Amino acid sequence: MSANPVLTSDQTENLVPLTVNGLNPTQDVRLDVQTTIANRLNEYCRNNSGNSICSANRTFTKDDVLVQIDHDTSSVSFVVLDPQTRLPVSARGVQDAISGEFMSDLLGLTFTVPQSTGAGGDNEVDWPLILGLSIGGALLFLFVILSIIIGVVNTSKATKFKEYGFENESMSVYSARGWQFDRESPYSGSPFASIDAIPGFDEDGLPSDARPDTRV
């Protein structure tokens with residue numbers, strides 16, 4: 001059997017497990033996996049050209065599929081490289097595209113690619129969602145802070161007016177309405193009450209014995 005290629009850490013993180021049924025231990029399945037996976041990805045991209053795993057100008061070839069075979073357990077896995085950048089395509093993206101059971105192109109074996117479990121590759125980070133949640137959290141934080149500040153200010157003002165004997169701000173000399181007199185004041189009578197109370201003076205404060213001169 002051919003030797004496994006040496007993989008980088010990023011390529012290793014994006015390996016996709018592949019179940020091969022009907023494999024003869026003497027068969028070298030590497031080329032079959034490379035050819036079949038490349039063809040299946042190209043078929044997917046013909047119908048889903050806008051997907052992030054699909055290259056705009058190139059199709060996948062067998063050279064874009066690196067196969068790892070554990071000779072002790074006969075387990076098979078592969079990683080797909082972008083035809084243009086040569087960077088590993090996320091395992092999740094590959095699994096979402098070609099998961100399921102299908103026949104291989106060269107040896108007629110049954111291949112099974114499992115569905116993704118959410119792991120594999122930085123390409124799968126949902127940055128719009130993360131950004132939206134971050135902005136929403138920041139706005140909520142600012143709203144809470146402003147609410148606390150407004151509450152503290154209102155409480156401080158209410159306490160200040162009560163200290164000066166006012167029930168609320170409208171009774172304060174600082175209110176826009178200024179001073180207001182109680183129309184139902186208990187005071188009544190002459191503005192010269194102290195004079196009115198003295199015998200010999202009328203309610204206008206004039207001597208009561210003063211009479212108008214009626215002489216002609």
# chains A, B, ... in the order shown; residues from 1 in each chain; ligands from 1
>>> residues_around(residues="A:Val16", least_positions_apart="3", cutoff="6 Å", atoms="only C-alpha atoms", output="list in words")
Ser77, Phe78 and Ala91 of chain A
>>> select_by_dssp(residues="stretch 45-84 of chain A", states="helix (DSSP H, G or I)", output="PyMOL selection string")
chain A and resi 45-47+62-64
>>> residues_around(residues="A:Thr110", least_positions_apart="5", cutoff="7 Å", atoms="only C-alpha atoms", output="compact mmCIF listing (two decimals) with all heavy atoms, in the first residue's frame")
# COMPACT_ATOMS: atom_id res chain seq x y z
N VAL A 20 -15.52 2.42 4.79
CA VAL A 20 -15.41 1.69 3.52
C VAL A 20 -15.88 0.26 3.75
O VAL A 20 -15.29 -0.48 4.52
CB VAL A 20 -13.96 1.70 3.01
CG1 VAL A 20 -13.88 0.95 1.68
CG2 VAL A 20 -13.44 3.13 2.85
N ASN A 21 -16.97 -0.11 3.08
CA ASN A 21 -17.50 -1.47 3.20
C ASN A 21 -17.10 -2.31 1.99
O ASN A 21 -17.13 -1.83 0.86
CB ASN A 21 -19.04 -1.43 3.29
CG ASN A 21 -19.52 -0.75 4.57
OD1 ASN A 21 -18.92 -0.92 5.63
ND2 ASN A 21 -20.58 0.03 4.46
N GLY A 22 -16.71 -3.56 2.25
CA GLY A 22 -16.33 -4.47 1.18
C GLY A 22 -14.88 -4.34 0.78
O GLY A 22 -14.48 -4.81 -0.30
N GLU A 101 -24.32 7.67 2.06
CA GLU A 101 -23.74 6.43 1.53
C GLU A 101 -23.77 6.47 0.01
O GLU A 101 -24.78 6.83 -0.61
CB GLU A 101 -24.53 5.23 2.05
CG GLU A 101 -23.96 3.89 1.64
CD GLU A 101 -24.75 2.72 2.23
OE1 GLU A 101 -24.58 2.45 3.44
OE2 GLU A 101 -25.54 2.11 1.48
N PHE A 102 -22.66 6.11 -0.62
CA PHE A 102 -22.57 6.12 -2.09
C PHE A 102 -21.51 5.12 -2.55
O PHE A 102 -20.65 4.69 -1.76
CB PHE A 102 -22.24 7.53 -2.60
CG PHE A 102 -21.10 8.20 -1.88
CD1 PHE A 102 -19.80 8.08 -2.34
CD2 PHE A 102 -21.33 8.96 -0.74
CE1 PHE A 102 -18.74 8.69 -1.68
CE2 PHE A 102 -20.27 9.59 -0.07
CZ PHE A 102 -18.99 9.45 -0.54
N MET A 103 -21.58 4.77 -3.83
CA MET A 103 -20.63 3.81 -4.39
C MET A 103 -19.38 4.53 -4.89
O MET A 103 -19.44 5.64 -5.41
CB MET A 103 -21.28 3.06 -5.56
CG MET A 103 -22.50 2.23 -5.16
SD MET A 103 -22.08 0.87 -4.05
CE MET A 103 -21.10 -0.15 -5.15
N SER A 104 -18.23 3.86 -4.70
CA SER A 104 -16.98 4.44 -5.18
C SER A 104 -16.89 4.29 -6.70
O SER A 104 -17.52 3.41 -7.30
CB SER A 104 -15.79 3.75 -4.52
OG SER A 104 -15.67 2.41 -4.95
>>> residues_around(residues="stretch 45-53 of chain A", least_positions_apart="4", cutoff="12 Å", atoms="only C-alpha atoms", output="number ranges by chain")
A: 38-41, 57-60, 80-85, 87-98, 121, 123-124
>>> closest_residue(among="A:Gly137, A:Gly132, A:Gly151, A:Pro17", to="A:Val113", atoms="only C-alpha atoms")
A:Pro17
>>> atom_distance(atom1="atom CA of A:Ala3", atom2="atom CA of A:Leu31")
11.9 Å
>>> atom_distance(atom1="atom CA of A:Gln68", atom2="atom CA of A:Cys54")
22.6 Å
>>> atom_distance(atom1="atom CA of A:Val65", atom2="atom CA of A:Val79")
5.8 Å
>>> decode(residues="stretch 40-165 of chain A", atoms="C-alpha atoms", output="short mmCIF file (atom, residue, chain, number, x, y, z; two decimals), in the first residue's frame")
data_model
loop_
_atom_site.label_atom_id
_atom_site.label_comp_id
_atom_site.auth_asym_id
_atom_site.auth_seq_id
_atom_site.Cartn_x
_atom_site.Cartn_y
_atom_site.Cartn_z
CA ARG A 40 -18.74 13.92 -5.61
CA LEU A 41 -17.64 17.41 -4.52
CA ASN A 42 -17.67 18.65 -8.12
CA GLU A 43 -21.18 17.28 -8.57
CA TYR A 44 -22.30 19.10 -5.42
CA CYS A 45 -20.70 22.38 -6.52
CA ARG A 46 -22.38 22.26 -9.92
CA ASN A 47 -25.71 22.57 -8.10
CA ASN A 48 -24.49 24.75 -5.23
CA SER A 49 -21.89 27.06 -6.75
CA GLY A 50 -22.45 29.72 -4.10
CA ASN A 51 -21.37 27.48 -1.25
CA SER A 52 -18.17 28.52 0.53
CA ILE A 53 -16.44 25.19 -0.13
CA CYS A 54 -16.82 25.52 -3.90
CA SER A 55 -13.99 27.13 -5.84
CA ALA A 56 -15.06 29.81 -8.30
CA ASN A 57 -12.60 29.00 -11.10
CA ARG A 58 -11.42 25.43 -10.54
CA THR A 59 -12.87 22.00 -9.95
CA PHE A 60 -11.58 19.47 -7.45
CA THR A 61 -9.13 16.81 -8.59
CA LYS A 62 -7.72 13.74 -6.90
CA ASP A 63 -4.67 15.80 -5.93
CA ASP A 64 -6.91 17.98 -3.76
CA VAL A 65 -7.89 14.98 -1.61
CA LEU A 66 -5.33 13.71 0.90
CA VAL A 67 -6.11 10.26 2.28
CA GLN A 68 -4.96 8.81 5.60
CA ILE A 69 -5.18 5.05 6.12
CA ASP A 70 -4.49 3.41 9.47
CA HIS A 71 -2.94 0.09 8.45
CA ASP A 72 -3.52 -1.40 11.91
CA THR A 73 -7.26 -0.70 12.10
CA SER A 74 -7.96 -0.21 8.36
CA SER A 75 -9.74 3.05 9.23
CA VAL A 76 -9.80 5.64 6.44
CA SER A 77 -10.07 9.43 6.59
CA PHE A 78 -9.42 12.25 4.18
CA VAL A 79 -8.98 16.02 4.03
CA VAL A 80 -9.90 18.23 1.06
CA LEU A 81 -7.72 21.15 -0.07
CA ASP A 82 -9.07 24.25 -1.76
CA PRO A 83 -7.97 24.09 -5.43
CA GLN A 84 -6.91 27.74 -5.42
CA THR A 85 -5.53 28.49 -1.93
CA ARG A 86 -4.40 24.94 -1.07
CA LEU A 87 -5.77 25.51 2.41
CA PRO A 88 -7.84 22.75 4.01
CA VAL A 89 -11.57 22.92 3.47
CA SER A 90 -13.45 22.62 6.76
CA ALA A 91 -14.46 19.08 7.65
CA ARG A 92 -17.92 20.26 8.53
CA GLY A 93 -18.35 21.91 5.13
CA VAL A 94 -17.31 18.73 3.32
CA GLN A 95 -19.59 16.56 5.44
CA ASP A 96 -22.56 18.87 4.94
CA ALA A 97 -21.96 18.68 1.18
CA ILE A 98 -21.44 14.96 0.55
CA SER A 99 -22.57 13.09 3.70
CA GLY A 100 -24.34 9.81 3.14
CA GLU A 101 -23.74 6.43 1.53
CA PHE A 102 -22.57 6.12 -2.09
CA MET A 103 -20.63 3.81 -4.39
CA SER A 104 -16.98 4.44 -5.18
CA ASP A 105 -16.06 5.18 -8.80
CA LEU A 106 -13.15 2.78 -9.31
CA LEU A 107 -13.57 -0.30 -7.12
CA GLY A 108 -17.34 -0.24 -6.62
CA LEU A 109 -17.01 -0.13 -2.82
CA THR A 110 -19.60 1.35 -0.50
CA PHE A 111 -18.43 4.63 1.04
CA THR A 112 -20.17 6.34 3.94
CA VAL A 113 -19.42 9.91 5.01
CA PRO A 114 -21.06 10.76 8.36
CA GLN A 115 -23.01 13.94 8.92
CA SER A 116 -21.19 16.78 10.66
CA THR A 117 -21.33 17.19 14.41
CA GLY A 118 -20.49 20.91 14.37
CA ALA A 119 -16.71 20.60 14.68
CA GLY A 120 -13.97 21.38 12.21
CA GLY A 121 -12.37 24.52 10.83
CA ASP A 122 -12.44 28.23 11.45
CA ASN A 123 -14.48 28.68 8.25
CA GLU A 124 -17.54 27.56 10.15
CA VAL A 125 -17.49 30.40 12.65
CA ASP A 126 -20.72 32.35 12.30
CA TRP A 127 -19.22 35.83 12.51
CA PRO A 128 -22.47 37.73 11.71
CA LEU A 129 -24.21 35.97 14.57
CA ILE A 130 -21.33 36.63 16.96
CA LEU A 131 -21.19 40.30 15.92
CA GLY A 132 -24.94 40.72 16.31
CA LEU A 133 -24.93 39.17 19.78
CA SER A 134 -21.98 41.35 20.81
CA ILE A 135 -23.69 44.57 19.69
CA GLY A 136 -26.95 43.53 21.34
CA GLY A 137 -25.15 42.76 24.59
CA ALA A 138 -23.34 46.12 24.55
CA LEU A 139 -26.60 48.03 23.96
CA LEU A 140 -28.32 46.14 26.76
CA PHE A 141 -25.42 46.95 29.10
CA LEU A 142 -25.64 50.68 28.25
CA PHE A 143 -29.41 50.65 28.80
CA VAL A 144 -28.99 49.10 32.25
CA ILE A 145 -26.29 51.63 33.21
CA LEU A 146 -28.42 54.60 32.05
CA SER A 147 -31.43 53.25 33.95
CA ILE A 148 -29.38 53.00 37.13
CA ILE A 149 -27.99 56.54 36.72
CA ILE A 150 -31.47 58.03 36.12
CA GLY A 151 -32.84 56.17 39.12
CA VAL A 152 -30.07 57.44 41.39
CA VAL A 153 -30.52 61.06 40.19
CA ASN A 154 -34.30 61.00 40.74
CA THR A 155 -33.88 59.49 44.21
CA SER A 156 -31.30 62.13 45.13
CA LYS A 157 -33.59 64.99 44.01
CA ALA A 158 -36.56 63.61 45.95
CA THR A 159 -34.47 63.30 49.09
CA LYS A 160 -33.19 66.87 48.69
CA PHE A 161 -36.68 68.39 48.45
CA LYS A 162 -37.94 66.45 51.47
CA GLU A 163 -35.02 67.72 53.53
CA TYR A 164 -36.23 71.30 52.88
CA GLY A 165 -39.83 70.52 53.77
#
